[in-house]
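To be precise, the following lines are my_file-v1.pdb, and they hold PDB, C-alpha atoms and all ligand atoms.
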```pdb
ATOM      1  CA  MET A  23       1.372  11.656   9.423  1.00  0.00           C
ATOM      2  CA  PHE A  24      -1.686   9.562   8.580  1.00  0.00           C
ATOM      3  CA  LYS A  25      -2.255   6.371  10.550  1.00  0.00           C
ATOM      4  CA  ILE A  26      -4.705   3.706   9.515  1.00  0.00           C
ATOM      5  CA  LYS A  27      -5.730   0.474  11.221  1.00  0.00           C
ATOM      6  CA  GLN A  28      -4.225  -2.653   9.740  1.00  0.00           C
ATOM      7  CA  ILE A  29      -6.197  -5.684   8.631  1.00  0.00           C
ATOM      8  CA  VAL A  30      -3.349  -8.069   7.788  1.00  0.00           C
ATOM      9  CA  PRO A  31      -1.812  -9.608  10.940  1.00  0.00           C
ATOM     10  CA  SER A  32       1.930  -8.928  11.079  1.00  0.00           C
ATOM     11  CA  GLY A  33       2.684 -12.657  11.544  1.00  0.00           C
ATOM     12  CA  PHE A  34       0.967 -13.347   8.224  1.00  0.00           C
ATOM     13  CA  CYS A  35       3.161 -10.778   6.421  1.00  0.00           C
ATOM     14  CA  LEU A  36       6.341 -12.082   8.015  1.00  0.00           C
ATOM     15  CA  ARG A  37       5.753 -15.442   6.300  1.00  0.00           C
ATOM     16  CA  CYS A  38       4.955 -13.877   2.909  1.00  0.00           C
ATOM     17  CA  ASP A  39       7.242 -12.649   0.120  1.00  0.00           C
ATOM     18  CA  GLY A  40       4.668 -10.297  -1.355  1.00  0.00           C
ATOM     19  CA  CYS A  41       5.618  -6.821  -0.159  1.00  0.00           C
ATOM     20  CA  CYS A  42       8.531  -4.408  -0.279  1.00  0.00           C
ATOM     21  CA  ARG A  43      10.207  -6.329  -3.153  1.00  0.00           C
ATOM     22  CA  PHE A  44       9.729  -5.507  -6.815  1.00  0.00           C
ATOM     23  CA  SER A  45      10.598  -7.101 -10.131  1.00  0.00           C
ATOM     24  CA  GLN A  46      11.602  -3.779 -11.723  1.00  0.00           C
ATOM     25  CA  LEU A  47      13.329  -0.621 -10.560  1.00  0.00           C
ATOM     26  CA  ASP A  48      10.869   1.724 -12.205  1.00  0.00           C
ATOM     27  CA  THR A  49       7.468   0.317 -11.320  1.00  0.00           C
ATOM     28  CA  ILE A  50       4.084   1.751 -10.399  1.00  0.00           C
ATOM     29  CA  TRP A  51       3.967  -0.755  -7.513  1.00  0.00           C
ATOM     30  CA  GLN A  52       6.706   1.031  -5.593  1.00  0.00           C
ATOM     31  CA  PRO A  53       5.518   3.206  -2.696  1.00  0.00           C
ATOM     32  CA  HIS A  54       4.413   6.710  -3.652  1.00  0.00           C
ATOM     33  CA  LEU A  55       4.981   9.246  -0.921  1.00  0.00           C
ATOM     34  CA  LEU A  56       2.461  11.882   0.063  1.00  0.00           C
ATOM     35  CA  ASN A  57       3.776  15.415  -0.415  1.00  0.00           C
ATOM     36  CA  GLU A  58       3.954  15.808   3.363  1.00  0.00           C
ATOM     37  CA  GLU A  59       6.009  12.585   3.650  1.00  0.00           C
ATOM     38  CA  GLN A  60       8.628  13.628   1.083  1.00  0.00           C
ATOM     39  CA  LYS A  61      10.854  15.559   3.462  1.00  0.00           C
ATOM     40  CA  LYS A  62      11.093  12.875   6.162  1.00  0.00           C
ATOM     41  CA  LEU A  63      10.871   9.723   4.053  1.00  0.00           C
ATOM     42  CA  SER A  64      12.368  10.325   0.604  1.00  0.00           C
ATOM     43  CA  LYS A  65      15.790   9.120   1.840  1.00  0.00           C
ATOM     44  CA  LYS A  66      14.203   6.061   3.496  1.00  0.00           C
ATOM     45  CA  VAL A  67      11.826   4.868   0.802  1.00  0.00           C
ATOM     46  CA  TYR A  68      13.364   4.110  -2.592  1.00  0.00           C
ATOM     47  CA  LEU A  69      14.335   0.941  -4.418  1.00  0.00           C
ATOM     48  CA  ILE A  70      17.751  -0.708  -4.423  1.00  0.00           C
ATOM     49  CA  PRO A  71      18.954  -4.006  -5.946  1.00  0.00           C
ATOM     50  CA  ASN A  72      18.090  -7.039  -3.827  1.00  0.00           C
ATOM     51  CA  ILE A  73      21.119  -9.231  -4.516  1.00  0.00           C
ATOM     52  CA  GLN A  74      19.732 -12.204  -2.539  1.00  0.00           C
ATOM     53  CA  GLN A  75      16.579 -12.533  -4.647  1.00  0.00           C
ATOM     54  CA  GLY A  76      17.717 -10.981  -7.939  1.00  0.00           C
ATOM     55  CA  ASN A  77      15.080  -8.251  -7.847  1.00  0.00           C
ATOM     56  CA  PHE A  78      14.694  -4.859  -6.161  1.00  0.00           C
ATOM     57  CA  MET A  79      13.624  -3.944  -2.656  1.00  0.00           C
ATOM     58  CA  CYS A  80      12.820  -0.903  -0.600  1.00  0.00           C
ATOM     59  CA  VAL A  81      15.939   0.388   1.123  1.00  0.00           C
ATOM     60  CA  SER A  82      14.038   0.188   4.460  1.00  0.00           C
ATOM     61  CA  PHE A  83      13.238  -3.512   4.063  1.00  0.00           C
ATOM     62  CA  ASN A  84      15.270  -5.891   6.210  1.00  0.00           C
ATOM     63  CA  HIS A  85      15.560  -9.006   4.062  1.00  0.00           C
ATOM     64  CA  LYS A  86      16.781 -11.122   7.006  1.00  0.00           C
ATOM     65  CA  THR A  87      13.862 -10.416   9.356  1.00  0.00           C
ATOM     66  CA  HIS A  88      11.314  -9.534   6.608  1.00  0.00           C
ATOM     67  CA  LYS A  89      10.491  -6.434   8.664  1.00  0.00           C
ATOM     68  CA  CYS A  90      10.181  -2.789   7.687  1.00  0.00           C
ATOM     69  CA  LYS A  91      12.884  -0.795   9.480  1.00  0.00           C
ATOM     70  CA  ILE A  92      10.605   2.243   9.653  1.00  0.00           C
ATOM     71  CA  TYR A  93       7.367   0.388  10.394  1.00  0.00           C
ATOM     72  CA  ALA A  94       6.150   2.869  13.026  1.00  0.00           C
ATOM     73  CA  ARG A  95       6.316   5.730  10.524  1.00  0.00           C
ATOM     74  CA  CYS A  96       6.052   3.946   7.201  1.00  0.00           C
ATOM     75  CA  PRO A  97       4.365   5.764   4.294  1.00  0.00           C
ATOM     76  CA  PHE A  98       0.611   6.018   4.096  1.00  0.00           C
ATOM     77  CA  GLU A  99       0.572   3.927   0.917  1.00  0.00           C
ATOM     78  CA  CYS A 100       2.435   1.099   2.668  1.00  0.00           C
ATOM     79  CA  GLN A 101      -0.091   1.243   5.518  1.00  0.00           C
ATOM     80  CA  LEU A 102      -2.928   1.100   3.013  1.00  0.00           C
ATOM     81  CA  TYR A 103      -1.662  -1.947   1.077  1.00  0.00           C
ATOM     82  CA  PRO A 104      -3.161  -4.467   0.053  1.00  0.00           C
ATOM     83  CA  PHE A 105      -5.618  -1.675  -0.754  1.00  0.00           C
ATOM     84  CA  LEU A 106      -4.624   0.898  -3.359  1.00  0.00           C
ATOM     85  CA  ILE A 107      -6.158   3.913  -5.046  1.00  0.00           C
ATOM     86  CA  SER A 108      -6.874   2.996  -8.622  1.00  0.00           C
ATOM     87  CA  ARG A 109      -7.939   4.961 -11.677  1.00  0.00           C
ATOM     88  CA  LYS A 110     -10.297   3.604 -14.306  1.00  0.00           C
ATOM     89  CA  GLY A 111     -11.059   6.165 -16.985  1.00  0.00           C
ATOM     90  CA  LYS A 112     -12.204   9.272 -15.147  1.00  0.00           C
ATOM     91  CA  ASN A 113     -13.226   7.386 -12.024  1.00  0.00           C
ATOM     92  CA  ILE A 114     -11.192   6.721  -8.889  1.00  0.00           C
ATOM     93  CA  PHE A 115     -11.640   3.610  -6.789  1.00  0.00           C
ATOM     94  CA  LEU A 116     -10.527   2.116  -3.538  1.00  0.00           C
ATOM     95  CA  ALA A 117      -9.221  -1.190  -4.877  1.00  0.00           C
ATOM     96  CA  VAL A 118      -7.623  -4.327  -3.513  1.00  0.00           C
ATOM     97  CA  ASP A 119      -4.744  -6.390  -4.834  1.00  0.00           C
ATOM     98  CA  LEU A 120      -5.587 -10.071  -5.266  1.00  0.00           C
ATOM     99  CA  LYS A 121      -1.882 -10.928  -5.356  1.00  0.00           C
ATOM    100  CA  CYS A 122      -1.911 -10.523  -1.565  1.00  0.00           C
ATOM    101  CA  LEU A 123      -2.298 -13.963   0.017  1.00  0.00           C
ATOM    102  CA  PHE A 124      -4.262 -12.558   2.944  1.00  0.00           C
ATOM    103  CA  VAL A 125      -6.780 -10.993   0.548  1.00  0.00           C
ATOM    104  CA  GLN A 126      -7.133 -14.259  -1.363  1.00  0.00           C
ATOM    105  CA  LYS A 127      -8.033 -16.044   1.871  1.00  0.00           C
ATOM    106  CA  ASN A 128     -10.212 -13.347   3.442  1.00  0.00           C
ATOM    107  CA  LEU A 129     -12.001 -11.485   0.629  1.00  0.00           C
ATOM    108  CA  LYS A 130     -15.405 -12.962   1.529  1.00  0.00           C
ATOM    109  CA  THR A 131     -15.115 -12.660   5.294  1.00  0.00           C
ATOM    110  CA  LYS A 132     -17.025 -10.380   7.667  1.00  0.00           C
ATOM    111  CA  LYS A 133     -13.688  -8.989   8.869  1.00  0.00           C
ATOM    112  CA  PHE A 134     -12.818  -7.920   5.319  1.00  0.00           C
ATOM    113  CA  LYS A 135     -16.227  -6.268   4.794  1.00  0.00           C
ATOM    114  CA  GLU A 136     -15.930  -4.395   8.099  1.00  0.00           C
ATOM    115  CA  TYR A 137     -12.453  -3.184   7.229  1.00  0.00           C
ATOM    116  CA  LEU A 138     -13.632  -2.039   3.808  1.00  0.00           C
ATOM    117  CA  GLN A 139     -16.338  -0.009   5.551  1.00  0.00           C
ATOM    118  CA  TYR A 140     -13.697   1.472   7.855  1.00  0.00           C
ATOM    119  CA  LEU A 141     -11.579   2.531   4.857  1.00  0.00           C
ATOM    120  CA  THR A 142     -14.618   3.875   3.000  1.00  0.00           C
ATOM    121  CA  ASN A 143     -15.478   6.028   6.029  1.00  0.00           C
ATOM    122  CA  PHE A 144     -11.844   7.111   6.284  1.00  0.00           C
ATOM    123  CA  PHE A 145     -11.739   8.345   2.689  1.00  0.00           C
ATOM    124  CA  SER A 146     -15.072  10.120   3.037  1.00  0.00           C
ATOM    125  CA  ARG A 147     -13.656  12.546   5.624  1.00  0.00           C
ATOM    126  CA  PRO A 148     -12.851  15.984   4.196  1.00  0.00           C
ATOM    127  CA  ARG A 149      -9.205  15.877   5.325  1.00  0.00           C
ATOM    128  CA  TYR A 150      -8.484  12.643   3.463  1.00  0.00           C
ATOM    129  CA  LYS A 151     -10.531  13.601   0.437  1.00  0.00           C
ATOM    130  CA  LYS A 152      -8.376  16.705   0.161  1.00  0.00           C
ATOM    131  CA  SER A 153      -5.252  14.644   0.632  1.00  0.00           C
ATOM    132  CA  LEU A 154      -6.154  12.425  -2.344  1.00  0.00           C
ATOM    133  CA  LYS A 155      -6.785  15.502  -4.434  1.00  0.00           C
ATOM    134  CA  ASP A 156      -3.415  16.985  -3.414  1.00  0.00           C
ATOM    135  CA  ASN A 157      -1.505  13.747  -4.041  1.00  0.00           C
ATOM    136  CA  PRO A 158      -2.397  12.438  -7.517  1.00  0.00           C
ATOM    137  CA  GLN A 159       0.781  10.301  -7.437  1.00  0.00           C
ATOM    138  CA  LEU A 160      -1.184   7.860  -5.238  1.00  0.00           C
ATOM    139  CA  ILE A 161      -3.745   7.275  -7.977  1.00  0.00           C
ATOM    140  CA  GLN A 162      -2.412   4.872 -10.595  1.00  0.00           C
ATOM    141  CA  ASN A 163      -3.651   2.612 -13.378  1.00  0.00           C
ATOM    142  CA  TYR A 164      -2.766  -0.551 -11.497  1.00  0.00           C
ATOM    143  CA  PRO A 165      -3.376  -3.718 -13.506  1.00  0.00           C
ATOM    144  CA  GLY A 166      -5.262  -6.662 -12.041  1.00  0.00           C
ATOM    145  CA  LEU A 167      -6.915  -5.015  -9.036  1.00  0.00           C
ATOM    146  CA  ILE A 168     -10.521  -5.410  -7.925  1.00  0.00           C
ATOM    147  CA  ASN A 169     -12.163  -1.998  -7.732  1.00  0.00           C
ATOM    148  CA  LEU A 170     -14.312  -2.040  -4.601  1.00  0.00           C
ATOM    149  CA  VAL A 171     -15.672   1.426  -3.855  1.00  0.00           C
ATOM    150  CA  GLU A 172     -15.745   4.542  -6.014  1.00  0.00           C
ATOM    151  CA  LEU A 173     -14.147   7.507  -4.265  1.00  0.00           C
ATOM    152  CA  LYS A 174     -15.546  10.965  -4.941  1.00  0.00           C
ATOM    153  CA  PHE A 175     -13.554  14.072  -4.109  1.00  0.00           C
TER     154      PHE A 175
HETATM  155  S1  LIG B 201       1.241  -9.484   0.084  1.00  0.00           S
HETATM  156 FE1  LIG B 201      -0.283  -9.299   1.737  1.00  0.00          FE
HETATM  157  S2  LIG B 201       0.230 -10.915   3.216  1.00  0.00           S
HETATM  158 FE2  LIG B 201       1.997 -10.666   1.848  1.00  0.00          FE
HETATM  159  S3  LIG B 201       3.356  -9.251   2.928  1.00  0.00           S
HETATM  160 FE3  LIG B 201       2.035  -8.017   1.583  1.00  0.00          FE
HETATM  161  S4  LIG B 201       0.245  -7.409   2.815  1.00  0.00           S
HETATM  162 FE4  LIG B 201       1.308  -9.087   3.882  1.00  0.00          FE
HETATM  163  S1  LIG B 202       8.658   1.676   3.747  1.00  0.00           S
HETATM  164 FE1  LIG B 202       8.590  -0.261   4.805  1.00  0.00          FE
HETATM  165  S2  LIG B 202       6.607  -1.155   4.287  1.00  0.00           S
HETATM  166 FE2  LIG B 202       7.029   0.436   2.789  1.00  0.00          FE
HETATM  167  S3  LIG B 202       8.029  -0.584   1.059  1.00  0.00           S
HETATM  168 FE3  LIG B 202       9.636   0.170   2.430  1.00  0.00          FE
HETATM  169  S4  LIG B 202      10.112  -1.529   3.770  1.00  0.00           S
HETATM  170 FE4  LIG B 202       8.126  -1.950   2.827  1.00  0.00          FE
END
```
How would this structure read if it were set down as structure tokens?
Ligand code: SF4
Ligand code: SF4
Amino acid sequence: MFKIKQIVPSGFCLRCDGCCRFSQLDTIWQPHLLNEEQKKLSKKVYLIPNIQQGNFMCVSFNHKTHKCKIYARCPFECQLYPFLISRKGKNIFLAVDLKCLFVQKNLKTKKFKEYLQYLTNFFSRPRYKKSLKDNPQLIQNYPGLINLVELKF
């Protein structure tokens, strides 16, 4: 399993409605599992109706505590968010989602720049480059993202 450092403090996420809930059942914003995650996580990461909010949520989301029930082993793509892998034409980018409140408040900070460098280094390692190549489901035409760094693999 891949583990990446987190930039968004957990307390910030616990007060936010942004993640793990979706307006549609079939949406590109839902978590995409790596091939190697399929076996262990496919029964723990899929969308179900969220009666309380009239939308959809990940089956592993606890709507009372706002916590992920499988946080310690949550999918790579969930760890990566608010960053995503985005496609523009033939090019692939490490991109960030401005819908995330933390990103809106921290985009210009030193902490954000340092974390971006950390992620850029992460995706430059051969193992992770290969992983992106082997998992095209992670690379989507997400609307409204800011493309930050082009990824070559
Ligand atoms: S949108 Fe950003 S701040 Fe809100 S829960 Fe998701 S990662 Fe946390
Ligand atoms: S696995 Fe956890 S972090 Fe990912 S969408 Fe589901 S509840 Fe949210």
Point to revise | Evaluate the PyMOL selection byres (((chain A and resi 49) around 12) and not hetatm) and report residues as a PyMOL selection string | key: chain A and resi 43-48+50-54+68-69+77-79+162-165
Practice item. I need the residue set behind the PyMOL selection byres (((not hetatm)) within 6 of (chain B and resi 201)) for this file; please write it as a list in words. Key: Phe34, Cys35, Cys38, Asp39, Gly40, Cys41, Pro104, Cys122, Leu123 and Phe124 of chain A
Exercise for review: Might you spell out which residues the PyMOL selection byres (((not hetatm)) within 7 of (chain B and resi 202)) would select in the displayed file, as number ranges by chain?
Suggested key: A: 41-42, 52-53, 67, 80-83, 89-93, 96-97, 100
Review point. Between atom CA of A:Tyr137 and atom CA of A:Phe98, what is the distance, to one decimal in Å?
Key: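 For atom CA of A:Tyr137 relative to atom CA of A:Phe98, the distance reads 16.3 Å.
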Once you add 4 Å to each side, what are the centre and edge lengths of the axis-aligned box holding all listed atoms of stretch 106-119 of chain A? One decimal in Å, as JSON, if you can.
```
{"center_x": -8.9, "center_y": 1.4, "center_z": -10.2, "size_x": 16.6, "size_y": 23.7, "size_z": 21.6}
```
Exercise for review: Would you mind telling me which residue in A:Met23, A:Phe145, A:Thr87, A:Lys61 lies nearest to A:Arg37 when using all atoms listed in the file?
Suggested key: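 Residue with the minimum atom-to-atom distance to A:Arg37: A:Thr87.
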Practice item. Grab the atom CA of A:Arg149 to atom CA of A:Lys133 distance for me, in Å with one decimal place. Key: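 Here the two named atoms are 25.5 Å from each other.
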Check your understanding: How many Å separate atom CA of A:Glu58 from atom CA of A:Lys151?
Key ->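 Answer for the atom CA of A:Glu58 to atom CA of A:Lys151 separation: 14.9 Å.
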**Study point:** Top pick for closest residue to A:Gly166, considering A:Ser108, A:Gln139, A:Asn128, A:Asn113 and counting all atoms listed in the file
**Key:** A:Ser108
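Distances here use all atoms listed in the file; by that measure, the residue among A:Lys152, A:His88, A:Arg95, A:Lys27 closest to A:Glu59 is A:Arg95.
Between A:Asn72 and the candidates A:Gln60, A:His85, A:Tyr150, A:Phe134, the tightest atom-to-atom separation, counting only C-alpha atoms, involves A:His85.
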Exercise for review: Select, from A:Lys86, A:Gln101, A:Leu173, A:Lys62, the residue with the minimum atom-to-atom distance to A:Ile26, counting only C-alpha atoms.
Suggested key: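 Among the listed residues, A:Gln101 lies closest to A:Ile26.
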Can stretch 136-153 of chain A be brought up to N, CA and C atoms and written out as an mmCIF file, keeping the file's coordinate frame?
```
data_model
loop_
_atom_site.group_PDB
_atom_site.id
_atom_site.type_symbol
_atom_site.label_atom_id
_atom_site.label_comp_id
_atom_site.auth_asym_id
_atom_site.auth_seq_id
_atom_site.Cartn_x
_atom_site.Cartn_y
_atom_site.Cartn_z
ATOM 1 N N GLU A 136 -15.965 -5.447 7.063
ATOM 2 C CA GLU A 136 -15.930 -4.395 8.099
ATOM 3 C C GLU A 136 -14.749 -3.459 7.870
ATOM 4 N N TYR A 137 -13.627 -4.025 7.470
ATOM 5 C CA TYR A 137 -12.453 -3.184 7.229
ATOM 6 C C TYR A 137 -12.671 -2.284 6.010
ATOM 7 N N LEU A 138 -13.323 -2.837 4.999
ATOM 8 C CA LEU A 138 -13.632 -2.039 3.808
ATOM 9 C C LEU A 138 -14.523 -0.855 4.191
ATOM 10 N N GLN A 139 -15.468 -1.094 5.085
ATOM 11 C CA GLN A 139 -16.338 -0.009 5.551
ATOM 12 C C GLN A 139 -15.513 1.037 6.306
ATOM 13 N N TYR A 140 -14.584 0.557 7.117
ATOM 14 C CA TYR A 140 -13.697 1.472 7.855
ATOM 15 C C TYR A 140 -12.916 2.367 6.882
ATOM 16 N N LEU A 141 -12.349 1.747 5.828
ATOM 17 C CA LEU A 141 -11.579 2.531 4.857
ATOM 18 C C LEU A 141 -12.479 3.492 4.071
ATOM 19 N N THR A 142 -13.684 3.019 3.736
ATOM 20 C CA THR A 142 -14.618 3.875 3.000
ATOM 21 C C THR A 142 -14.949 5.109 3.838
ATOM 22 N N ASN A 143 -15.200 4.893 5.131
ATOM 23 C CA ASN A 143 -15.478 6.028 6.029
ATOM 24 C C ASN A 143 -14.269 6.949 6.111
ATOM 25 N N PHE A 144 -13.096 6.343 6.189
ATOM 26 C CA PHE A 144 -11.844 7.111 6.284
ATOM 27 C C PHE A 144 -11.721 8.065 5.096
ATOM 28 N N PHE A 145 -11.926 7.515 3.888
ATOM 29 C CA PHE A 145 -11.739 8.345 2.689
ATOM 30 C C PHE A 145 -12.923 9.282 2.422
ATOM 31 N N SER A 146 -13.963 9.178 3.228
ATOM 32 C CA SER A 146 -15.072 10.120 3.037
ATOM 33 C C SER A 146 -14.878 11.378 3.894
ATOM 34 N N ARG A 147 -13.893 11.360 4.789
ATOM 35 C CA ARG A 147 -13.656 12.546 5.624
ATOM 36 C C ARG A 147 -12.967 13.637 4.805
ATOM 37 N N PRO A 148 -13.374 14.878 5.016
ATOM 38 C CA PRO A 148 -12.851 15.984 4.196
ATOM 39 C C PRO A 148 -11.324 16.040 4.144
ATOM 40 N N ARG A 149 -10.671 15.781 5.283
ATOM 41 C CA ARG A 149 -9.205 15.877 5.325
ATOM 42 C C ARG A 149 -8.552 14.880 4.345
ATOM 43 N N TYR A 150 -9.101 13.671 4.300
ATOM 44 C CA TYR A 150 -8.484 12.643 3.463
ATOM 45 C C TYR A 150 -8.903 12.775 2.002
ATOM 46 N N LYS A 151 -10.118 13.292 1.806
ATOM 47 C CA LYS A 151 -10.531 13.601 0.437
ATOM 48 C C LYS A 151 -9.575 14.636 -0.153
ATOM 49 N N LYS A 152 -9.273 15.648 0.632
ATOM 50 C CA LYS A 152 -8.376 16.705 0.161
ATOM 51 C C LYS A 152 -6.976 16.134 -0.097
ATOM 52 N N SER A 153 -6.575 15.234 0.783
ATOM 53 C CA SER A 153 -5.252 14.644 0.632
ATOM 54 C C SER A 153 -5.130 13.875 -0.684
#
```
